[in-house]
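Asker: mmCIF, C-alpha atoms, saved as entry-v5.cif, coming up:
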data_query
loop_
_atom_site.label_atom_id
_atom_site.label_comp_id
_atom_site.auth_asym_id
_atom_site.auth_seq_id
_atom_site.Cartn_x
_atom_site.Cartn_y
_atom_site.Cartn_z
CA MET I 27 -47.06 104.89 -59.28
CA GLU I 28 -48.33 105.91 -62.66
CA PHE I 29 -51.68 107.65 -62.98
CA CYS I 30 -52.39 107.07 -66.62
CA GLY I 31 -53.54 103.63 -67.75
CA GLY I 32 -54.17 104.84 -71.24
CA HIS I 33 -54.44 102.78 -74.38
CA SER I 34 -51.18 104.49 -75.10
CA GLY I 35 -50.77 105.54 -71.49
CA HIS I 36 -48.05 104.84 -68.98
CA THR I 37 -49.16 101.41 -67.71
CA HIS I 38 -49.68 100.24 -71.28
CA ALA I 39 -46.30 101.55 -72.46
CA ILE I 40 -44.44 100.23 -69.39
CA LEU I 41 -45.72 96.72 -70.10
CA ARG I 42 -45.65 96.85 -73.89
CA TYR I 43 -42.03 97.88 -74.09
CA GLY I 44 -40.85 95.66 -71.26
CA ILE I 45 -39.88 98.60 -69.06
CA ARG I 46 -40.72 96.62 -65.91
CA GLN I 47 -38.10 94.05 -66.88
CA LEU I 48 -35.64 96.70 -68.03
CA VAL I 49 -35.38 98.65 -64.79
CA PRO I 50 -33.62 97.20 -61.71
CA LYS I 51 -35.77 95.07 -59.37
CA THR I 52 -35.57 97.82 -56.77
CA VAL I 53 -37.87 99.95 -58.94
CA GLU I 54 -41.43 98.69 -58.64
CA MET I 55 -44.06 100.24 -60.87
CA ARG I 56 -47.67 100.32 -59.63
CA SER I 57 -50.65 101.24 -61.75
CA GLY I 58 -52.93 103.79 -60.06
CA PRO I 59 -56.42 105.21 -60.68
CA GLY I 60 -55.74 106.46 -64.18
CA CYS I 61 -58.31 104.69 -66.35
CA PRO I 62 -61.49 106.80 -66.55
CA VAL I 63 -63.74 103.86 -67.35
CA CYS I 64 -62.28 101.79 -64.48
CA VAL I 65 -62.67 104.48 -61.83
CA THR I 66 -66.33 105.10 -62.74
CA ALA I 67 -68.38 103.81 -59.80
CA THR I 68 -70.83 101.00 -60.41
CA ALA I 69 -73.68 103.21 -59.17
CA ASP I 70 -72.85 105.80 -61.86
CA LEU I 71 -72.72 103.09 -64.53
CA ASP I 72 -76.12 101.86 -63.36
CA LYS I 73 -77.44 105.40 -63.77
CA ALA I 74 -76.11 105.63 -67.34
CA ILE I 75 -77.73 102.29 -68.19
CA ALA I 76 -81.05 103.37 -66.62
CA LEU I 77 -80.96 106.61 -68.65
CA ALA I 78 -80.46 104.52 -71.82
CA HIS I 79 -83.73 102.73 -71.15
CA LEU I 80 -85.77 105.96 -70.93
CA PRO I 81 -88.04 106.57 -73.92
CA ASP I 82 -86.81 108.92 -76.69
CA VAL I 83 -83.28 109.03 -75.30
CA ILE I 84 -80.09 108.59 -77.31
CA ILE I 85 -77.01 107.81 -75.21
CA THR I 86 -73.73 108.96 -76.71
CA THR I 87 -70.52 107.69 -75.17
CA PHE I 88 -66.85 107.02 -75.71
CA GLY I 89 -66.46 103.42 -76.90
CA ASP I 90 -64.74 102.04 -73.82
CA MET I 91 -67.80 102.54 -71.63
CA ILE I 92 -70.11 100.34 -73.63
CA ARG I 93 -68.93 96.92 -72.44
CA VAL I 94 -68.35 97.78 -68.80
CA PRO I 95 -70.70 95.78 -66.61
CA GLY I 96 -72.88 97.69 -64.17
CA SER I 97 -74.63 95.84 -61.34
CA TYR I 98 -77.23 94.23 -63.53
CA SER I 99 -76.50 95.15 -67.16
CA SER I 100 -74.21 97.15 -69.44
CA LEU I 101 -74.75 99.82 -72.09
CA GLN I 102 -74.05 97.13 -74.68
CA LYS I 103 -76.81 94.92 -73.26
CA ALA I 104 -79.15 97.91 -73.10
CA LYS I 105 -78.42 98.51 -76.80
CA ALA I 106 -79.15 94.87 -77.60
CA GLU I 107 -82.45 95.29 -75.76
CA GLY I 108 -83.40 98.18 -78.02
CA ALA I 109 -81.93 101.27 -76.34
CA ASP I 110 -80.31 103.79 -78.68
CA VAL I 111 -76.66 103.83 -77.57
CA ARG I 112 -74.10 105.36 -79.93
CA ILE I 113 -70.33 105.47 -79.72
CA VAL I 114 -68.81 108.84 -80.58
CA TYR I 115 -65.23 109.91 -81.05
CA SER I 116 -65.76 113.43 -79.77
CA THR I 117 -68.29 115.55 -77.87
CA ILE I 118 -68.57 117.51 -81.14
CA ASP I 119 -70.23 114.42 -82.66
CA ALA I 120 -72.61 114.12 -79.69
CA VAL I 121 -73.84 117.71 -80.16
CA GLU I 122 -74.31 117.04 -83.89
CA ILE I 123 -76.41 113.94 -83.11
CA ALA I 124 -78.62 116.14 -80.89
CA GLN I 125 -78.96 118.69 -83.69
CA VAL I 126 -80.11 116.14 -86.28
CA ASN I 127 -82.46 114.41 -83.81
CA PRO I 128 -84.41 117.33 -82.30
CA GLU I 129 -87.26 115.04 -81.19
CA LYS I 130 -84.90 112.96 -79.00
CA SER I 131 -82.99 113.76 -75.81
CA VAL I 132 -79.30 113.16 -76.42
CA ILE I 133 -77.23 112.42 -73.31
CA PHE I 134 -73.43 112.26 -73.38
CA ILE I 135 -71.82 110.13 -70.67
CA GLY I 136 -69.20 112.59 -69.46
CA ILE I 137 -66.36 110.44 -68.13
CA GLY I 138 -62.70 111.37 -68.11
CA PHE I 139 -60.09 113.43 -66.32
CA GLU I 140 -58.85 116.98 -66.83
CA THR I 141 -57.78 116.18 -70.41
CA THR I 142 -61.36 115.47 -71.43
CA ALA I 143 -63.29 117.85 -69.14
CA PRO I 144 -62.60 120.93 -71.31
CA THR I 145 -64.02 119.12 -74.35
CA ILE I 146 -67.19 118.44 -72.37
CA ALA I 147 -67.34 122.07 -71.25
CA ALA I 148 -66.93 123.11 -74.88
CA SER I 149 -69.85 120.87 -75.93
CA ILE I 150 -72.14 122.57 -73.41
CA LEU I 151 -71.07 126.00 -74.65
CA LYS I 152 -71.59 124.89 -78.26
CA ALA I 153 -75.08 123.54 -77.47
CA GLN I 154 -75.93 126.82 -75.77
CA GLN I 155 -74.58 128.90 -78.63
CA ASP I 156 -76.53 126.84 -81.21
CA LYS I 157 -79.65 126.79 -78.99
CA THR I 158 -79.57 122.98 -78.96
CA GLU I 159 -82.07 122.27 -76.23
CA ASN I 160 -82.08 118.48 -76.35
CA PHE I 161 -78.41 117.95 -75.39
CA TYR I 162 -77.41 116.80 -71.90
CA ILE I 163 -74.28 115.74 -70.04
CA LEU I 164 -74.10 113.13 -67.30
CA SER I 165 -71.15 114.70 -65.54
CA LEU I 166 -68.85 112.02 -64.11
CA ASN I 167 -65.60 113.91 -64.74
CA LYS I 168 -62.87 113.45 -62.18
CA LEU I 169 -59.82 115.38 -61.07
CA THR I 170 -56.40 113.78 -60.67
CA PRO I 171 -54.55 115.68 -57.88
CA PRO I 172 -57.35 115.14 -55.28
CA VAL I 173 -57.32 111.36 -55.78
CA MET I 174 -53.53 111.36 -55.48
CA LYS I 175 -54.03 113.14 -52.15
CA ALA I 176 -56.64 110.57 -51.07
CA LEU I 177 -54.25 107.68 -51.81
CA LEU I 178 -51.36 109.38 -50.04
CA ASP I 179 -53.58 110.19 -47.03
CA SER I 180 -54.76 106.57 -46.75
CA GLY I 181 -51.15 105.41 -46.38
CA GLU I 182 -52.19 102.00 -47.73
CA ILE I 183 -49.26 101.83 -50.09
CA LYS I 184 -45.97 103.53 -49.55
CA LEU I 185 -45.21 105.54 -52.65
CA ASN I 186 -41.81 107.10 -53.28
CA GLY I 187 -42.62 108.74 -56.56
CA ILE I 188 -45.47 109.57 -58.91
CA VAL I 189 -45.43 109.46 -62.72
CA CYS I 190 -47.83 112.35 -63.35
CA PRO I 191 -50.12 111.96 -66.36
CA GLY I 192 -48.82 113.82 -69.43
CA HIS I 193 -52.05 114.84 -71.10
CA VAL I 194 -53.87 115.76 -67.90
CA SER I 195 -50.85 117.99 -67.26
CA VAL I 196 -51.10 119.58 -70.73
CA ILE I 197 -54.33 121.08 -69.39
CA ILE I 198 -53.58 121.69 -65.68
CA GLY I 199 -49.83 122.31 -65.85
CA SER I 200 -47.43 121.36 -63.07
CA HIS I 201 -48.56 123.67 -60.25
CA PRO I 202 -51.53 121.56 -58.99
CA TYR I 203 -49.13 118.74 -58.01
CA GLU I 204 -46.86 120.95 -55.92
CA PHE I 205 -48.50 119.98 -52.62
CA ILE I 206 -47.29 116.38 -53.15
CA PRO I 207 -43.53 116.94 -52.80
CA ARG I 208 -44.13 119.77 -50.32
CA ASP I 209 -46.55 118.05 -47.92
CA TYR I 210 -45.81 114.35 -48.50
CA GLY I 211 -42.15 114.36 -49.57
CA VAL I 212 -43.06 112.32 -52.66
CA ALA I 213 -41.27 112.99 -55.96
CA CYS I 214 -43.39 113.94 -59.00
CA VAL I 215 -42.35 113.81 -62.64
CA ILE I 216 -44.71 114.58 -65.53
CA SER I 217 -44.08 112.07 -68.28
CA GLY I 218 -44.82 111.67 -71.98
CA PHE I 219 -45.91 108.33 -73.39
CA GLU I 220 -43.09 107.08 -75.59
CA PRO I 221 -40.94 104.36 -74.03
CA LEU I 222 -37.98 106.74 -73.89
CA ASP I 223 -40.15 109.39 -72.21
CA ILE I 224 -41.01 106.88 -69.50
CA LEU I 225 -37.42 105.75 -68.98
CA LEU I 226 -36.41 109.39 -68.68
CA CYS I 227 -39.20 109.93 -66.15
CA ILE I 228 -38.15 106.90 -64.05
CA ASP I 229 -34.55 108.13 -64.13
CA LYS I 230 -35.61 111.57 -62.89
CA LEU I 231 -37.82 110.04 -60.18
CA VAL I 232 -35.02 107.80 -58.91
CA GLU I 233 -32.66 110.77 -58.91
CA GLN I 234 -35.16 112.80 -56.86
CA ILE I 235 -35.88 109.92 -54.48
CA GLU I 236 -32.16 109.54 -53.81
CA GLN I 237 -32.04 113.24 -53.01
CA ILE I 238 -35.18 113.32 -50.87
CA GLU I 239 -33.14 112.64 -47.76
CA LYS I 240 -31.41 115.90 -48.54
CA GLY I 241 -34.84 117.51 -48.76
CA ASP I 242 -35.45 118.40 -52.38
CA PRO I 243 -38.52 116.62 -53.76
CA ARG I 244 -40.25 118.64 -56.49
CA VAL I 245 -42.48 118.51 -59.57
CA GLU I 246 -40.44 118.10 -62.75
CA ILE I 247 -41.72 118.27 -66.32
CA ALA I 248 -40.15 115.52 -68.44
CA TYR I 249 -42.65 116.17 -71.25
CA PRO I 250 -41.84 119.78 -72.17
CA ARG I 251 -43.00 119.41 -75.77
CA GLY I 252 -46.56 119.25 -74.48
CA VAL I 253 -46.65 120.58 -70.92
CA LYS I 254 -46.14 124.12 -69.70
CA PRO I 255 -46.08 124.89 -65.95
CA GLU I 256 -49.25 126.97 -66.26
CA GLY I 257 -51.13 124.41 -68.39
CA ASN I 258 -53.60 125.44 -71.08
CA ARG I 259 -55.19 128.63 -69.75
CA LYS I 260 -57.95 128.75 -72.38
CA ALA I 261 -59.07 125.18 -71.63
CA LEU I 262 -58.93 125.84 -67.87
CA GLN I 263 -61.01 128.97 -68.33
CA LEU I 264 -63.73 127.04 -70.20
CA MET I 265 -63.74 124.34 -67.49
CA GLU I 266 -64.02 126.97 -64.78
CA ASP I 267 -66.90 128.66 -66.60
CA VAL I 268 -68.97 125.47 -66.96
CA PHE I 269 -68.05 123.38 -63.91
CA GLU I 270 -67.74 123.78 -60.19
CA ILE I 271 -65.78 121.40 -58.01
CA GLY I 272 -67.71 118.82 -56.03
CA GLU I 273 -67.19 115.36 -54.64
CA ALA I 274 -66.91 112.29 -56.85
CA ASN I 275 -67.39 108.59 -56.28
CA TRP I 276 -64.38 106.53 -57.41
CA ARG I 277 -64.44 102.76 -57.78
CA GLY I 278 -62.12 101.29 -55.19
CA VAL I 279 -61.44 104.59 -53.48
CA GLY I 280 -64.95 105.77 -52.56
CA VAL I 281 -66.22 109.32 -52.37
CA VAL I 282 -63.32 111.77 -52.60
CA PRO I 283 -64.05 115.41 -51.71
CA GLN I 284 -63.15 118.09 -54.26
CA SER I 285 -62.40 115.46 -56.91
CA GLY I 286 -65.37 115.80 -59.25
CA LEU I 287 -66.85 118.35 -61.63
CA GLU I 288 -70.47 119.43 -61.38
CA ILE I 289 -72.27 121.56 -63.95
CA ARG I 290 -72.77 125.11 -62.68
CA GLY I 291 -76.30 126.41 -62.07
CA LYS I 292 -76.23 128.72 -65.10
CA TYR I 293 -75.86 125.66 -67.36
CA GLU I 294 -78.15 123.34 -65.39
CA ARG I 295 -80.50 122.79 -68.31
CA PHE I 296 -77.73 120.66 -69.85
CA ASP I 297 -77.33 118.60 -66.67
CA ALA I 298 -78.74 115.08 -67.14
CA ASP I 299 -78.85 114.66 -63.36
CA LYS I 300 -81.29 117.58 -63.10
CA ALA I 301 -83.31 116.85 -66.27
CA PHE I 302 -83.99 113.14 -65.77
CA SER I 303 -84.82 111.02 -62.80
CA VAL I 304 -84.26 107.31 -62.72
CA SER I 305 -84.82 104.87 -59.89
CA LEU I 306 -81.87 102.65 -59.14
CA LYS I 307 -81.45 99.44 -57.22
CA PRO I 308 -78.50 99.36 -54.79
CA PRO I 309 -75.25 98.79 -56.70
CA ARG I 310 -73.65 95.35 -56.65
CA GLU I 311 -69.97 94.64 -57.33
CA PRO I 312 -68.95 91.58 -59.36
CA GLU I 313 -68.15 88.75 -56.92
CA GLY I 314 -64.45 88.10 -56.42
CA CYS I 315 -63.38 91.02 -58.63
CA ARG I 316 -60.48 93.02 -57.16
CA CYS I 317 -60.66 95.98 -59.55
CA GLY I 318 -61.04 98.33 -56.60
CA ASP I 319 -57.79 97.13 -54.97
CA ILE I 320 -56.00 97.17 -58.33
CA ILE I 321 -57.13 100.75 -59.02
CA ARG I 322 -55.62 101.86 -55.69
CA GLY I 323 -52.40 100.03 -56.49
CA ALA I 324 -52.98 97.85 -53.42
CA ALA I 325 -53.03 94.67 -55.51
CA MET I 326 -51.47 93.58 -58.78
CA PRO I 327 -53.75 91.96 -61.39
CA ILE I 328 -52.11 88.54 -60.78
CA GLU I 329 -53.22 88.70 -57.15
CA CYS I 330 -56.87 88.55 -58.25
CA LYS I 331 -58.15 84.96 -58.30
CA LEU I 332 -60.26 85.68 -61.38
CA PHE I 333 -57.37 87.07 -63.48
CA ARG I 334 -56.69 85.02 -66.65
CA LYS I 335 -59.02 82.28 -65.37
CA VAL I 336 -62.62 83.45 -65.45
CA CYS I 337 -61.72 87.07 -66.24
CA THR I 338 -60.25 87.58 -69.73
CA PRO I 339 -60.62 90.33 -72.36
CA GLU I 340 -63.15 88.12 -74.20
CA SER I 341 -65.19 87.57 -71.06
CA PRO I 342 -64.30 90.36 -68.62
CA VAL I 343 -65.67 90.41 -65.09
CA GLY I 344 -64.59 93.90 -64.05
CA PRO I 345 -63.79 97.18 -65.80
CA CYS I 346 -60.01 96.83 -65.39
CA MET I 347 -60.17 93.94 -67.87
CA VAL I 348 -62.84 95.49 -70.13
CA SER I 349 -61.14 98.73 -70.95
CA SER I 350 -58.01 98.59 -73.04
CA GLU I 351 -56.75 101.19 -70.54
CA GLY I 352 -57.33 98.97 -67.54
CA ALA I 353 -54.38 97.51 -65.64
CA CYS I 354 -55.73 93.94 -65.93
CA ALA I 355 -56.15 94.21 -69.72
CA ALA I 356 -52.61 95.57 -70.07
CA TYR I 357 -51.10 92.83 -67.84
CA TYR I 358 -53.14 90.19 -69.67
CA GLN I 359 -51.89 91.38 -73.04
CA TYR I 360 -48.22 91.97 -72.31
CA GLU I 361 -46.98 89.97 -69.33
CA THR I 362 -46.21 86.26 -69.52
CA VAL I 363 -47.02 84.16 -66.48
CA GLU I 364 -43.31 83.67 -65.67
CA GLU I 365 -42.70 87.40 -65.73
CA LEU I 366 -45.54 88.05 -63.35
CA MET T 4 -58.64 107.75 -72.85
CA CYS T 5 -56.28 110.65 -72.35
CA LEU T 6 -54.70 109.52 -75.62
CA ALA T 7 -53.51 112.43 -77.73
CA VAL T 8 -51.57 112.37 -81.00
CA PRO T 9 -49.71 115.10 -82.88
CA VAL T 10 -51.46 116.22 -86.09
CA LYS T 11 -50.56 118.99 -88.55
CA ILE T 12 -52.95 121.84 -89.29
CA VAL T 13 -53.67 122.13 -93.03
CA SER T 14 -56.28 124.91 -92.99
CA ILE T 15 -58.29 126.93 -90.46
CA ASP T 16 -61.92 127.97 -90.59
CA GLY T 17 -62.89 129.90 -87.45
CA GLU T 18 -62.67 127.56 -84.43
CA MET T 19 -62.32 124.47 -86.63
CA ALA T 20 -59.23 123.26 -88.46
CA GLU T 21 -58.50 120.62 -91.07
CA THR T 22 -55.64 118.44 -89.79
CA GLU T 23 -53.56 115.61 -91.16
CA ILE T 24 -51.55 112.72 -89.78
CA ALA T 25 -50.00 109.96 -91.90
CA GLY T 26 -52.30 110.81 -94.82
CA VAL T 27 -55.47 110.75 -92.72
CA ARG T 28 -57.41 114.02 -92.55
CA ARG T 29 -59.74 115.13 -89.78
CA ARG T 30 -61.64 118.29 -88.86
CA VAL T 31 -60.85 119.27 -85.29
CA SER T 32 -61.70 122.10 -82.91
CA ILE T 33 -58.98 124.60 -82.08
CA ALA T 34 -61.11 126.37 -79.45
CA PHE T 35 -58.44 125.68 -76.76
CA THR T 36 -55.51 126.71 -78.97
CA PRO T 37 -56.53 130.00 -80.60
CA GLU T 38 -52.84 130.68 -81.26
CA ALA T 39 -52.57 127.70 -83.65
CA LYS T 40 -51.53 128.54 -87.23
CA VAL T 41 -51.56 126.61 -90.51
CA GLY T 42 -48.50 124.36 -90.51
CA ASP T 43 -48.41 124.01 -86.71
CA TYR T 44 -48.53 120.62 -85.03
CA VAL T 45 -51.12 120.27 -82.30
CA LEU T 46 -51.83 117.46 -79.82
CA LEU T 47 -55.25 116.08 -80.72
CA HIS T 48 -57.52 114.61 -78.04
CA THR T 49 -61.09 113.49 -78.88
CA GLY T 50 -61.54 116.03 -81.65
CA TYR T 51 -59.91 118.99 -79.88
CA ALA T 52 -56.40 120.38 -80.17
CA ILE T 53 -55.20 120.64 -76.56
CA THR T 54 -51.82 122.27 -77.14
CA VAL T 55 -49.56 123.52 -79.91
CA ILE T 56 -46.26 121.65 -80.06
CA ASP T 57 -43.21 122.81 -81.90
CA GLU T 58 -42.52 121.10 -85.20
CA ALA T 59 -39.15 119.65 -84.26
CA GLU T 60 -40.69 117.93 -81.20
CA ALA T 61 -43.68 116.61 -83.18
CA GLU T 62 -41.48 115.18 -85.93
CA GLU T 63 -39.31 113.51 -83.31
CA THR T 64 -42.42 111.81 -81.88
CA LEU T 65 -43.67 110.76 -85.31
CA LYS T 66 -40.24 109.37 -86.21
CA LEU T 67 -40.28 107.29 -83.04
CA LEU T 68 -43.79 106.05 -83.76
CA GLU T 69 -42.78 105.00 -87.27
CA GLU T 70 -39.72 103.20 -85.92
CA ILE T 71 -41.85 101.36 -83.39
CA ALA T 72 -44.39 100.45 -86.09
CA SER T 73 -41.62 99.02 -88.29
CA LEU T 74 -40.30 96.99 -85.33
CA SER T 75 -43.79 95.56 -84.72
CA GLU T 76 -43.94 94.45 -88.37
CA VAL T 77 -40.72 92.47 -88.05
CA HIS T 78 -42.13 90.45 -85.17
#
Kindly return the structure encoded in the file as structure tokens.
Answerer:
Amino acid sequence: MEFCGGHSGHTHAILRYGIRQLVPKTVEMRSGPGCPVCVTATADLDKAIALAHLPDVIITTFGDMIRVPGSYSSLQKAKAEGADVRIVYSTIDAVEIAQVNPEKSVIFIGIGFETTAPTIAASILKAQQDKTENFYILSLNKLTPPVMKALLDSGEIKLNGIVCPGHVSVIIGSHPYEFIPRDYGVACVISGFEPLDILLCIDKLVEQIEQIEKGDPRVEIAYPRGVKPEGNRKALQLMEDVFEIGEANWRGVGVVPQSGLEIRGKYERFDADKAFSVSLKPPREPEGCRCGDIIRGAAMPIECKLFRKVCTPESPVGPCMVSSEGACAAYYQYETVEEL
Amino acid sequence: MCLAVPVKIVSIDGEMAETEIAGVRRRVSIAFTPEAKVGDYVLLHTGYAITVIDEAEAEETLKLLEEIASLSEVH
């Protein structure tokens, strides 16, 4: 199972370069919860949309979030209705928007995994350093190893190996995955994103799986140009300073303990959850949409009745088709019906 | 969203650096890679350099990307 959907991530590359067809039929690749937009719970999306409708608020967000449907609306619809929603490339841009709009409250929708969390921590530290008092983060950041543990614990799908996400691992290194081979006997290989990187990773996984009976599953780094075993200490230190670990709500998986990042008390004035209160109706999932099952790897996109019929990139029903990183969008773009 | 691309550092000004890839320039933060020097390749993710990569590895990646781009043009 690969844990990085990524516009240039593993699922995308596996399909784009025909790797599924290239490897023997005995190797089945499953896409896991690796698309930050897709794993964001509907209730959290509803909160972001409600914040957008507050007076004198500017929402800043990565572009992928804007089209994802919440229960009743989307950030794009909120924008059409007059809310100030702006796409940014970086948290640096979000802080700058706050600095040039001192009369507004600027909220950044903080989605992403360990790759992105340090950049969000850095934006809080920058806002504090510059005394930018109108900058807030809605912290929806999620951690990868705990959700891997949740999937393994559920036993819903029998995984033999995990393609560990390359850029998450640039930050966290290889040590946080070590419990997986040790406690679950599942092989782990950290992969880069070029087609050859992925083939190399699959080769190493198969080699490990063949040896598992002899008792040697381990975490291997097949992306040494980017990943060191200890990760990026400076980025980890900033994350540790700003965030504490809490639970997080994942679409399709539910609330996973120890899998989310909450803003520490000393930075609480930047915490949108503390600064604003919005009333929310109970969340509602799109009818018939199997995004949740697809995120867990329990279903393939083709197994969803809506796939390619009512749910297309032009008219997406669920987030896995909206985001270019979603498994449904990748399967829609690259797989022909016969191949599926 | 965990997309990251190798870019080359052209100049450094405190925690910010001017970087270049394929003729496109961008100012990025090097707060996570204080060891980065002018001429180094870094992996860039949403405006931040997340690691320094050695030049031989970065050029290998860029060469592959260019090859893939030229293949896409043929089709």
Asker: Sort by chain and increasing residue number a table of all residues of chain T within 6 Å of chain I, each with its closest pair of atoms and their distance in Å to one decimal, counting all atoms listed in the file, and write it as a tab-separated table.
Answerer:
residue	atom	partner	partner_atom	distance
T:Met4	CA	I:Gly32	CA	5.6
T:Phe35	CA	I:Ala261	CA	5.2
T:Thr49	CA	I:Ser116	CA	4.8
T:Gly50	CA	I:Ser116	CA	5.3
T:Ile56	CA	I:Arg251	CA	5.8
Asker: Got a sec: who's within 12 Å of Glu62 (chain T), counting only C-alpha atoms, leaving out chain neighbours fewer than 5 positions off, as a list in words?
Answerer: Arg251 of chain I; Val8, Pro9, Val10, Lys11, Ile24, Ala25, Asp43, Tyr44, Val45, Ile56, Asp57, Leu67, Leu68 and Glu69 of chain T
Asker: Give the answer as one residue: which of T:Glu21, T:Glu63, T:Ser73, T:Ile15 has the shortest atom-to-atom distance to Leu47 (chain T), using all atoms listed in the file?
Answerer: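 Closest residue, counting all atoms listed in the file: T:Glu21.
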Asker: Counting only C-alpha atoms, which residue out of T:Glu70, T:Cys5, T:Val31, T:Glu58 sits closest to Gly17 (chain T)?
Answerer: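 Checking each of T:Glu70, T:Cys5, T:Val31, T:Glu58 against Gly17 (chain T), counting only C-alpha atoms, the winner is T:Val31.
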Asker: Give me the residues near Arg208 (chain I) as an NGL selection string, where near means some atom within 9 Å (using all atoms listed in the file) and where sequence neighbours in that chain fewer than 4 positions away do not count.
Answerer: :I and (204 or 212 or 243-244)
Asker: May I have the residues within 12 Å of Ala74 (chain I) as an NGL selection string, using only C-alpha atoms and disregarding those fewer than 3 positions away in the same chain?
Answerer: :I and (66-71 or 77-80 or 83-87 or 91-92 or 94-97 or 99-102 or 104 or 109 or 111 or 133-137 or 163-166 or 298-299 or 302-306)
Asker: For the selection just defined, write its residues with C-alpha atoms to a file, as a short mmCIF file (atom, residue, chain, number, x, y, z; two decimals), keeping the file's coordinate frame.
Answerer:
data_model
loop_
_atom_site.label_atom_id
_atom_site.label_comp_id
_atom_site.auth_asym_id
_atom_site.auth_seq_id
_atom_site.Cartn_x
_atom_site.Cartn_y
_atom_site.Cartn_z
CA THR I 66 -66.33 105.10 -62.74
CA ALA I 67 -68.38 103.81 -59.80
CA THR I 68 -70.83 101.00 -60.41
CA ALA I 69 -73.68 103.21 -59.17
CA ASP I 70 -72.85 105.80 -61.86
CA LEU I 71 -72.72 103.09 -64.53
CA LEU I 77 -80.96 106.61 -68.65
CA ALA I 78 -80.46 104.52 -71.82
CA HIS I 79 -83.73 102.73 -71.15
CA LEU I 80 -85.77 105.96 -70.93
CA VAL I 83 -83.28 109.03 -75.30
CA ILE I 84 -80.09 108.59 -77.31
CA ILE I 85 -77.01 107.81 -75.21
CA THR I 86 -73.73 108.96 -76.71
CA THR I 87 -70.52 107.69 -75.17
CA MET I 91 -67.80 102.54 -71.63
CA ILE I 92 -70.11 100.34 -73.63
CA VAL I 94 -68.35 97.78 -68.80
CA PRO I 95 -70.70 95.78 -66.61
CA GLY I 96 -72.88 97.69 -64.17
CA SER I 97 -74.63 95.84 -61.34
CA SER I 99 -76.50 95.15 -67.16
CA SER I 100 -74.21 97.15 -69.44
CA LEU I 101 -74.75 99.82 -72.09
CA GLN I 102 -74.05 97.13 -74.68
CA ALA I 104 -79.15 97.91 -73.10
CA ALA I 109 -81.93 101.27 -76.34
CA VAL I 111 -76.66 103.83 -77.57
CA ILE I 133 -77.23 112.42 -73.31
CA PHE I 134 -73.43 112.26 -73.38
CA ILE I 135 -71.82 110.13 -70.67
CA GLY I 136 -69.20 112.59 -69.46
CA ILE I 137 -66.36 110.44 -68.13
CA ILE I 163 -74.28 115.74 -70.04
CA LEU I 164 -74.10 113.13 -67.30
CA SER I 165 -71.15 114.70 -65.54
CA LEU I 166 -68.85 112.02 -64.11
CA ALA I 298 -78.74 115.08 -67.14
CA ASP I 299 -78.85 114.66 -63.36
CA PHE I 302 -83.99 113.14 -65.77
CA SER I 303 -84.82 111.02 -62.80
CA VAL I 304 -84.26 107.31 -62.72
CA SER I 305 -84.82 104.87 -59.89
CA LEU I 306 -81.87 102.65 -59.14
#
Asker: Kindly give the distance, in Å, that separates CA of Ile188 (chain I) and CA of Cys64 (chain I), rounded to a single decimal.
Answerer: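 Result for CA of Ile188 (chain I) versus CA of Cys64 (chain I): 19.3 Å, one decimal.
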Asker: Could you please determine the separation between CA of Arg112 (chain I) and CA of Gln359 (chain I) in Å, to one decimal place?
Answerer: 27.1 Å
Asker: Would you work out the distance separating CA of Ala274 (chain I) from CA of Gly286 (chain I), expressed in Å to one decimal?
Answerer: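 Distance between the two atoms: 4.5 Å.
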Asker: Have a look at I:Pro207, I:Ile146, I:Glu311, I:Ile40 and name the one nearest to Ile224 (chain I); count all atoms listed in the file.
Answerer: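 Counting all atoms listed in the file, the residue closest to Ile224 (chain I) is I:Ile40.
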Asker: Show which residues sit within 9 Å of Ala39 (chain T), as a list in words. Count all atoms listed in the file, and ignore same-chain residues fewer than 6 positions away.
Answerer: Ile12, Ile15, Ile33, Val45, Ala52, Thr54 and Val55 of chain T
Asker: If you count only C-alpha atoms, which residues fall within 8 Å of region 330-345 of chain I, apart from same-chain ones fewer than 3 positions away, as a PyMOL selection string?
Answerer: chain I and resi 63-64+94-95+312+314-317+325-327+348-349+352+354-355+358
Asker: Please determine, counting all atoms listed in the file, which residue among T:His48, T:Thr22, T:Ile53, T:Pro37 has the shortest atom-to-atom distance to Ala7 (chain T).
Answerer: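 Ranked by minimum distance to Ala7 (chain T), first place goes to T:His48.
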Asker: Nearest to Arg322 (chain I): which of I:Val132, I:Ile75, I:Ile216, I:Cys346 is it, counting all atoms listed in the file?
Answerer: I:Cys346
Asker: On this structure, which residues satisfy the PyMOL selection byres ((chain I and resi 205) around 12), written as a list in words?
Answerer: Pro171, Pro172, Met174, Lys175, Leu178, Ser200, His201, Pro202, Tyr203, Glu204, Ile206, Pro207, Arg208, Asp209, Tyr210, Gly211, Val212, Ala213, Cys214, Pro243, Arg244 and Val245 of chain I
Asker: List every protein, DNA or RNA residue that has at least one atom no more than 10 Å from (-63.3, 106.5, -56.4) in the file's coordinates, counting only C-alpha atoms, and write the result as a list in words.
Answerer: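 Result, sorted by chain then residue number: Pro59, Cys64, Val65, Thr66, Ala67, Lys168, Val173, Ala176, Glu273, Ala274, Asn275, Trp276, Arg277, Gly278, Val279, Gly280, Val281, Val282, Ser285, Gly286, Gly318, Ile321 and Arg322 of chain I.
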